[in-house]
Protein chains: 2
Amino acid sequence: MSEQTDQHPVNGLDDVVHQRVRLGILTVAHQARRVEFGFLRTTLGLTAGNLSQHLATLEKAGLIDIEKGYEGKRARTWLSLTPAGAQALRDEVIQLKRLIHQIEQGSSDPQP
Amino acid sequence: MSEQTDQHPVNGLDDVVHQRVRLGILTVAHQARRVEFGFLRTTLGLTAGNLSQHLATLEKAGLIDIEKGYEGKRARTWLSLTPAGAQALRDEVIQLKRLIHQIEQGSSDPQP
DNA sequence: ACAACTAGTTTGTAATGCAAAACTGACTGC
DNA sequence: GCAGTCAGTTTTGCATTACAAACTAGTTGT
C-alpha cells in the first residue's frame with residue numbers, strides 16, 4: 001500500500017466528481033444549498049436529458065439528494081448536496097490545489 | 001454572445017485537458033520539460049496501451065510533441081509540451097482557480 | 001374538451017475511456 | 001538463428017458519456 005501508486009495528485013481524483021459537468025453541478029449545489037433543475041440547466045448550458053442523467057449518476061453515488069414537489073402548480077425538482085457530496089467536493093478541491101501547486105512550482109518532487 | 005452561456009467556470013474547461021489522466025500527463029510534462037514514457041506510466045499508474053492512446057490524443061490536439069530514439073541500445077519515447085500545450089495547461093489552472101474560489105466563497109454570484 | 005406549453009424522463013446512437021490481448025521491432029542470450 | 005525480453009502500438013470488448021428526439025404527466029388557453 002505504500003507502493004508508488006497514487007502519489008500523483010490526479011490519482012486522488014474521483015472520476016464521478018472530477019467530470020466537468022458534474023463538478024459544475026456540485027459546485028452550484030454547494031453554493032446554493034438547494035438548486036432548481038431549471039436553474040442548473042441554464043447555468044451550465046445543458047440539455048434537460050443530459051442533466052437528468054448526471055443527476056442520476058450523482059444520486060446513485062450518494063452525493064446529492066433529489067426532491068420533487070410543486071411551486072404553485074408547476075412541478076419542480078430540487079437537489080442538494082448530501083454530507084458525502086460536500087466531503088467529496090472538499091476532497092476534489094484538496095487534490096486540485098495540490099495539482100495546481102505542482103504545476104506552479106515547475107518542479108517540487110526530486111526525481112530518482 | 002453575451003448570453004448566459006459559459007459564465008460558469010466549468011464551461012471554460014477543455015475536455016481534452018481536463019480529463020483526469022491527460023491532466024496528469026500535462027502536469028508531469030510541464031514539470032520536467034521532457035518525460036520518458038515509462039516514467040509517466042509508473043507515475044500515473046497506467047497500462048501502456050492506455051497511456052499510448054492518451055498521448056495520441058494529446059499529440060493530435062497539438063499539446064505535446066513525441067520524440068522517439070535510443071538510450072544506449074534501448075528504444076525510448078519522450079514527450080514534451082508544445083507552446084500550445086503549456087498555454088492550455090495555464091488556461092485549465094485559471095479556470096480551476098475560479099472554480100475553487102467559487103466553492104470556497106460559499107456564494108459569490110448574486111442570484112436573480 | 002383539445003391543442004399547446006412546461007418540466008423532466010426515457011431511449012437510441014455515437015464518442016470516449018479503460019484493461020487485456022495480440023502484434024511489431026529491436027535487442028539479448030544460448 | 002531462434003526463443004525470450006523490452007518498449008511501445010494496435011485491436012478488441014465493454015462500460016460510461018453526451019446529445020437529440022421521442023415520450024410522459026400535469027397546466028394553461030380557447
# chains A, B, ... in the order shown; residues from 1 in each chain; ligands from 1
$ interface_residues --of "chain A" --to "chain D" --cutoff "9 Å" --atoms "only C-alpha atoms (C1' of nucleotides)" --output "ChimeraX atom specification"
/A:47,49-50,73-75
$ write_last_selection --atoms "N, CA and C atoms" --output "mmCIF file, in the first residue's frame"
data_model
loop_
_atom_site.group_PDB
_atom_site.id
_atom_site.type_symbol
_atom_site.label_atom_id
_atom_site.label_comp_id
_atom_site.auth_asym_id
_atom_site.auth_seq_id
_atom_site.Cartn_x
_atom_site.Cartn_y
_atom_site.Cartn_z
ATOM 1 N N THR A 47 -28.589 20.241 -21.949
ATOM 2 C CA THR A 47 -29.926 19.802 -22.311
ATOM 3 C C THR A 47 -30.540 19.148 -21.080
ATOM 4 N N GLY A 49 -32.049 16.351 -20.864
ATOM 5 C CA GLY A 49 -31.733 14.929 -20.834
ATOM 6 C C GLY A 49 -30.348 14.648 -20.250
ATOM 7 N N ASN A 50 -29.411 15.441 -20.677
ATOM 8 C CA ASN A 50 -28.043 15.291 -20.187
ATOM 9 C C ASN A 50 -27.982 15.560 -18.682
ATOM 10 N N LYS A 73 -48.491 25.588 -9.032
ATOM 11 C CA LYS A 73 -48.997 24.410 -9.729
ATOM 12 C C LYS A 73 -47.919 23.749 -10.567
ATOM 13 N N ARG A 74 -46.742 24.378 -10.635
ATOM 14 C CA ARG A 74 -45.688 23.880 -11.506
ATOM 15 C C ARG A 74 -44.802 22.849 -10.833
ATOM 16 N N ALA A 75 -44.612 21.715 -11.510
ATOM 17 C CA ALA A 75 -43.701 20.691 -10.995
ATOM 18 C C ALA A 75 -42.282 21.232 -10.967
#
$ select_by_dssp --residues "segment 66-97 of chain B" --states "helix (DSSP H, G or I)" --output "count of residues only"
15
$ select_by_dssp --residues "chain B" --states "strand (DSSP E)" --output "list in words"
Val35, Glu36, Ile64, Asp65, Ile66, Glu67, Lys68, Gly69, Tyr70, Glu71, Arg74, Ala75, Arg76, Thr77, Trp78, Leu79, Ser80 and Leu81 of chain B
$ closest_residue --among "B:Leu58, B:Thr42, B:Val17, B:Leu79" --to "chain A" --atoms "only C-alpha atoms"
B:Thr42
$ closest_atom_pairs --of "chain C" --to "chain B" --cutoff "9 Å" --atoms "only C-alpha atoms (C1' of nucleotides)" --output "JSON lines"
{"residue": "C:DG17", "atom": "C1'", "partner": "B:Asn50", "partner_atom": "CA", "distance": 8.4}
{"residue": "C:DC18", "atom": "C1'", "partner": "B:Asn50", "partner_atom": "CA", "distance": 6.8}
{"residue": "C:DA19", "atom": "C1'", "partner": "B:Thr47", "partner_atom": "CA", "distance": 7.6}
{"residue": "C:DA26", "atom": "C1'", "partner": "B:Ala75", "partner_atom": "CA", "distance": 7.7}
{"residue": "C:DC27", "atom": "C1'", "partner": "B:Lys73", "partner_atom": "CA", "distance": 7.1}
$ write_last_selection --atoms "C-alpha atoms (C1' of nucleotides)" --output "tab-separated table (two decimals), in the first residue's frame"
chain	number	residue	atom	x	y	z
C	17	DG	C1'	-12.05	5.59	-21.56
C	18	DC	C1'	-10.15	1.55	-19.93
C	19	DA	C1'	-7.88	-3.14	-19.47
C	26	DA	C1'	14.78	-4.21	-31.90
C	27	DC	C1'	17.92	-6.20	-28.69
$ closest_atom_pairs --of "chain A" --to "chain B" --cutoff "10 Å" --atoms "only C-alpha atoms" --output "CSV"
residue,atom,partner,partner_atom,distance
A:Gln4,CA,B:Thr43,CA,7.3
A:Thr5,CA,B:Gly45,CA,6.0
A:Asp6,CA,B:Leu44,CA,7.3
A:Gln7,CA,B:Thr43,CA,7.5
A:His8,CA,B:Leu44,CA,6.5
A:Pro9,CA,B:Gly24,CA,7.8
A:Val10,CA,B:Gly24,CA,5.7
A:Asn11,CA,B:Leu44,CA,6.9
A:Gly12,CA,B:Arg20,CA,9.7
A:Leu13,CA,B:Arg20,CA,7.3
A:Asp14,CA,B:Arg20,CA,8.8
A:Asp15,CA,B:Arg20,CA,7.4
A:His18,CA,B:Arg20,CA,7.4
A:Gln19,CA,B:Gln19,CA,7.4
A:Arg20,CA,B:Val10,CA,6.1
A:Val21,CA,B:Val10,CA,6.9
A:Arg22,CA,B:Val10,CA,9.2
A:Leu23,CA,B:Val10,CA,7.3
A:Gly24,CA,B:Val10,CA,5.7
A:Ile25,CA,B:Val10,CA,9.3
A:Leu26,CA,B:Ile103,CA,9.1
A:Thr27,CA,B:Ile103,CA,5.9
A:Val28,CA,B:Ile103,CA,8.1
A:Ala29,CA,B:Ile103,CA,9.6
A:His30,CA,B:Ile103,CA,6.8
A:Gln31,CA,B:Gly106,CA,4.7
A:Ala32,CA,B:Ser107,CA,7.0
A:Arg33,CA,B:Gly106,CA,9.2
A:Phe39,CA,B:Gln111,CA,9.9
A:Thr42,CA,B:Thr5,CA,7.5
A:Thr43,CA,B:His8,CA,6.8
A:Leu44,CA,B:His8,CA,6.5
A:Gly45,CA,B:Thr5,CA,5.8
A:Leu46,CA,B:Thr5,CA,9.6
A:Leu89,CA,B:Ile103,CA,8.6
A:Arg90,CA,B:Ile103,CA,8.8
A:Glu92,CA,B:Ile100,CA,9.6
A:Val93,CA,B:Ile100,CA,6.5
A:Ile94,CA,B:Ile100,CA,9.5
A:Leu96,CA,B:Leu96,CA,7.6
A:Lys97,CA,B:Ile100,CA,8.5
A:Leu99,CA,B:Thr27,CA,7.7
A:Ile100,CA,B:Val93,CA,6.5
A:His101,CA,B:Val93,CA,9.9
A:Gln102,CA,B:Thr27,CA,7.6
A:Ile103,CA,B:Thr27,CA,5.9
A:Glu104,CA,B:Gln31,CA,8.6
A:Gln105,CA,B:Gln31,CA,7.8
A:Gly106,CA,B:Gln31,CA,4.7
A:Ser107,CA,B:Gln31,CA,5.0
A:Ser108,CA,B:Gln31,CA,8.2
A:Asp109,CA,B:Gln31,CA,9.2
A:Gln111,CA,B:Ala32,CA,9.4
$ write_last_selection --atoms "N, CA and C atoms" --output "compact mmCIF listing (two decimals), in the first residue's frame"
# COMPACT_ATOMS: atom_id res chain seq x y z
N GLN A 4 4.39 2.92 -5.05
CA GLN A 4 4.38 4.25 -5.63
C GLN A 4 3.16 4.50 -6.52
N THR A 5 2.06 3.83 -6.17
CA THR A 5 0.80 4.14 -6.83
C THR A 5 0.26 5.34 -6.08
N ASP A 6 -0.49 6.20 -6.76
CA ASP A 6 -1.30 7.17 -6.05
C ASP A 6 -0.53 8.33 -5.45
N GLN A 7 0.76 8.42 -5.73
CA GLN A 7 1.47 9.58 -5.21
C GLN A 7 1.18 10.83 -6.04
N HIS A 8 0.73 10.63 -7.26
CA HIS A 8 0.43 11.81 -8.07
C HIS A 8 -0.97 12.33 -7.79
N PRO A 9 -1.11 13.66 -7.68
CA PRO A 9 -2.41 14.23 -7.33
C PRO A 9 -3.57 13.74 -8.19
N VAL A 10 -3.37 13.56 -9.48
CA VAL A 10 -4.51 13.13 -10.30
C VAL A 10 -5.03 11.75 -9.92
N ASN A 11 -4.17 10.94 -9.28
CA ASN A 11 -4.64 9.63 -8.85
C ASN A 11 -5.57 9.71 -7.65
N GLY A 12 -5.63 10.87 -7.03
CA GLY A 12 -6.55 11.07 -5.92
C GLY A 12 -7.88 11.66 -6.35
N LEU A 13 -8.04 11.89 -7.64
CA LEU A 13 -9.29 12.47 -8.14
C LEU A 13 -10.30 11.36 -8.44
N ASP A 14 -11.53 11.57 -7.98
CA ASP A 14 -12.62 10.63 -8.25
C ASP A 14 -13.30 11.04 -9.55
N ASP A 15 -13.36 10.11 -10.50
CA ASP A 15 -13.93 10.45 -11.81
C ASP A 15 -15.39 10.87 -11.73
N HIS A 18 -14.84 14.51 -10.64
CA HIS A 18 -13.96 15.34 -11.48
C HIS A 18 -14.58 15.67 -12.83
N GLN A 19 -15.46 14.82 -13.32
CA GLN A 19 -16.07 15.03 -14.64
C GLN A 19 -16.63 16.46 -14.73
N ARG A 20 -16.34 17.14 -15.83
CA ARG A 20 -16.62 18.56 -15.99
C ARG A 20 -18.03 18.99 -15.57
N VAL A 21 -19.04 18.36 -16.14
CA VAL A 21 -20.41 18.79 -15.87
C VAL A 21 -20.79 18.52 -14.42
N ARG A 22 -20.41 17.34 -13.90
CA ARG A 22 -20.78 17.02 -12.52
C ARG A 22 -20.06 17.91 -11.53
N LEU A 23 -18.84 18.28 -11.85
CA LEU A 23 -18.11 19.21 -10.99
C LEU A 23 -18.87 20.54 -10.93
N GLY A 24 -19.43 20.93 -12.07
CA GLY A 24 -20.24 22.16 -12.10
C GLY A 24 -21.49 22.01 -11.26
N ILE A 25 -22.16 20.89 -11.37
CA ILE A 25 -23.39 20.65 -10.61
C ILE A 25 -23.09 20.72 -9.11
N LEU A 26 -22.03 20.03 -8.70
CA LEU A 26 -21.69 20.00 -7.27
C LEU A 26 -21.30 21.39 -6.78
N THR A 27 -20.61 22.14 -7.61
CA THR A 27 -20.20 23.49 -7.22
C THR A 27 -21.42 24.40 -7.00
N VAL A 28 -22.34 24.36 -7.95
CA VAL A 28 -23.53 25.19 -7.83
C VAL A 28 -24.35 24.74 -6.61
N ALA A 29 -24.47 23.44 -6.44
CA ALA A 29 -25.23 22.93 -5.29
C ALA A 29 -24.58 23.34 -3.97
N HIS A 30 -23.27 23.37 -3.96
CA HIS A 30 -22.55 23.77 -2.75
C HIS A 30 -22.81 25.23 -2.40
N GLN A 31 -22.87 26.06 -3.43
CA GLN A 31 -23.07 27.48 -3.19
C GLN A 31 -24.49 27.79 -2.73
N ALA A 32 -25.45 27.05 -3.29
CA ALA A 32 -26.84 27.45 -3.08
C ALA A 32 -27.58 26.60 -2.05
N ARG A 33 -27.05 25.46 -1.76
CA ARG A 33 -27.62 24.53 -0.79
C ARG A 33 -28.91 23.86 -1.26
N PHE A 39 -32.61 25.96 -13.15
CA PHE A 39 -31.53 26.92 -12.93
C PHE A 39 -30.19 26.31 -13.34
N THR A 42 -29.80 26.00 -17.23
CA THR A 42 -29.38 27.20 -17.97
C THR A 42 -27.99 27.67 -17.52
N THR A 43 -27.71 27.55 -16.24
CA THR A 43 -26.41 27.99 -15.75
C THR A 43 -25.28 27.21 -16.40
N LEU A 44 -25.46 25.92 -16.52
CA LEU A 44 -24.40 25.10 -17.08
C LEU A 44 -24.56 24.86 -18.58
N GLY A 45 -25.66 25.35 -19.15
CA GLY A 45 -25.85 25.20 -20.60
C GLY A 45 -26.02 23.76 -21.05
N LEU A 46 -26.87 23.02 -20.34
CA LEU A 46 -27.07 21.60 -20.66
C LEU A 46 -28.45 21.36 -21.24
N LEU A 89 -16.60 16.95 -2.60
CA LEU A 89 -16.20 18.20 -3.24
C LEU A 89 -14.97 18.79 -2.54
N ARG A 90 -14.97 18.72 -1.22
CA ARG A 90 -13.78 19.19 -0.48
C ARG A 90 -12.54 18.40 -0.88
N GLU A 92 -12.00 16.85 -3.70
CA GLU A 92 -11.61 17.25 -5.06
C GLU A 92 -10.80 18.54 -5.00
N VAL A 93 -11.26 19.49 -4.22
CA VAL A 93 -10.57 20.77 -4.12
C VAL A 93 -9.16 20.59 -3.56
N ILE A 94 -9.03 19.72 -2.56
CA ILE A 94 -7.71 19.47 -1.98
C ILE A 94 -6.75 18.93 -3.04
N LEU A 96 -7.03 19.23 -6.31
CA LEU A 96 -6.80 20.24 -7.34
C LEU A 96 -5.76 21.26 -6.88
N LYS A 97 -5.83 21.59 -5.59
CA LYS A 97 -4.84 22.54 -5.07
C LYS A 97 -3.44 21.95 -5.10
N LEU A 99 -2.44 19.77 -7.20
CA LEU A 99 -2.07 19.73 -8.61
C LEU A 99 -1.59 21.11 -9.08
N ILE A 100 -2.36 22.13 -8.75
CA ILE A 100 -2.01 23.50 -9.15
C ILE A 100 -0.66 23.89 -8.55
N HIS A 101 -0.47 23.48 -7.30
CA HIS A 101 0.79 23.77 -6.63
C HIS A 101 1.95 23.17 -7.41
N GLN A 102 1.79 21.90 -7.80
CA GLN A 102 2.84 21.23 -8.57
C GLN A 102 3.11 21.92 -9.88
N ILE A 103 2.03 22.32 -10.55
CA ILE A 103 2.20 22.98 -11.85
C ILE A 103 2.95 24.30 -11.66
N GLU A 104 2.60 25.02 -10.61
CA GLU A 104 3.20 26.35 -10.43
C GLU A 104 4.61 26.30 -9.86
N GLN A 105 4.94 25.18 -9.22
CA GLN A 105 6.31 25.01 -8.73
C GLN A 105 7.30 24.86 -9.86
N GLY A 106 6.83 24.29 -10.98
CA GLY A 106 7.79 23.92 -12.01
C GLY A 106 8.33 22.55 -11.70
N SER A 107 8.95 22.37 -10.51
CA SER A 107 9.32 21.03 -10.07
C SER A 107 9.49 21.01 -8.56
N SER A 108 8.69 20.15 -7.92
CA SER A 108 8.75 20.05 -6.47
C SER A 108 9.32 18.72 -6.02
N ASP A 109 8.93 17.64 -6.71
CA ASP A 109 9.46 16.32 -6.37
C ASP A 109 10.88 16.15 -6.87
N GLN A 111 13.47 13.84 -8.58
CA GLN A 111 13.29 12.64 -9.40
C GLN A 111 14.41 11.65 -9.16
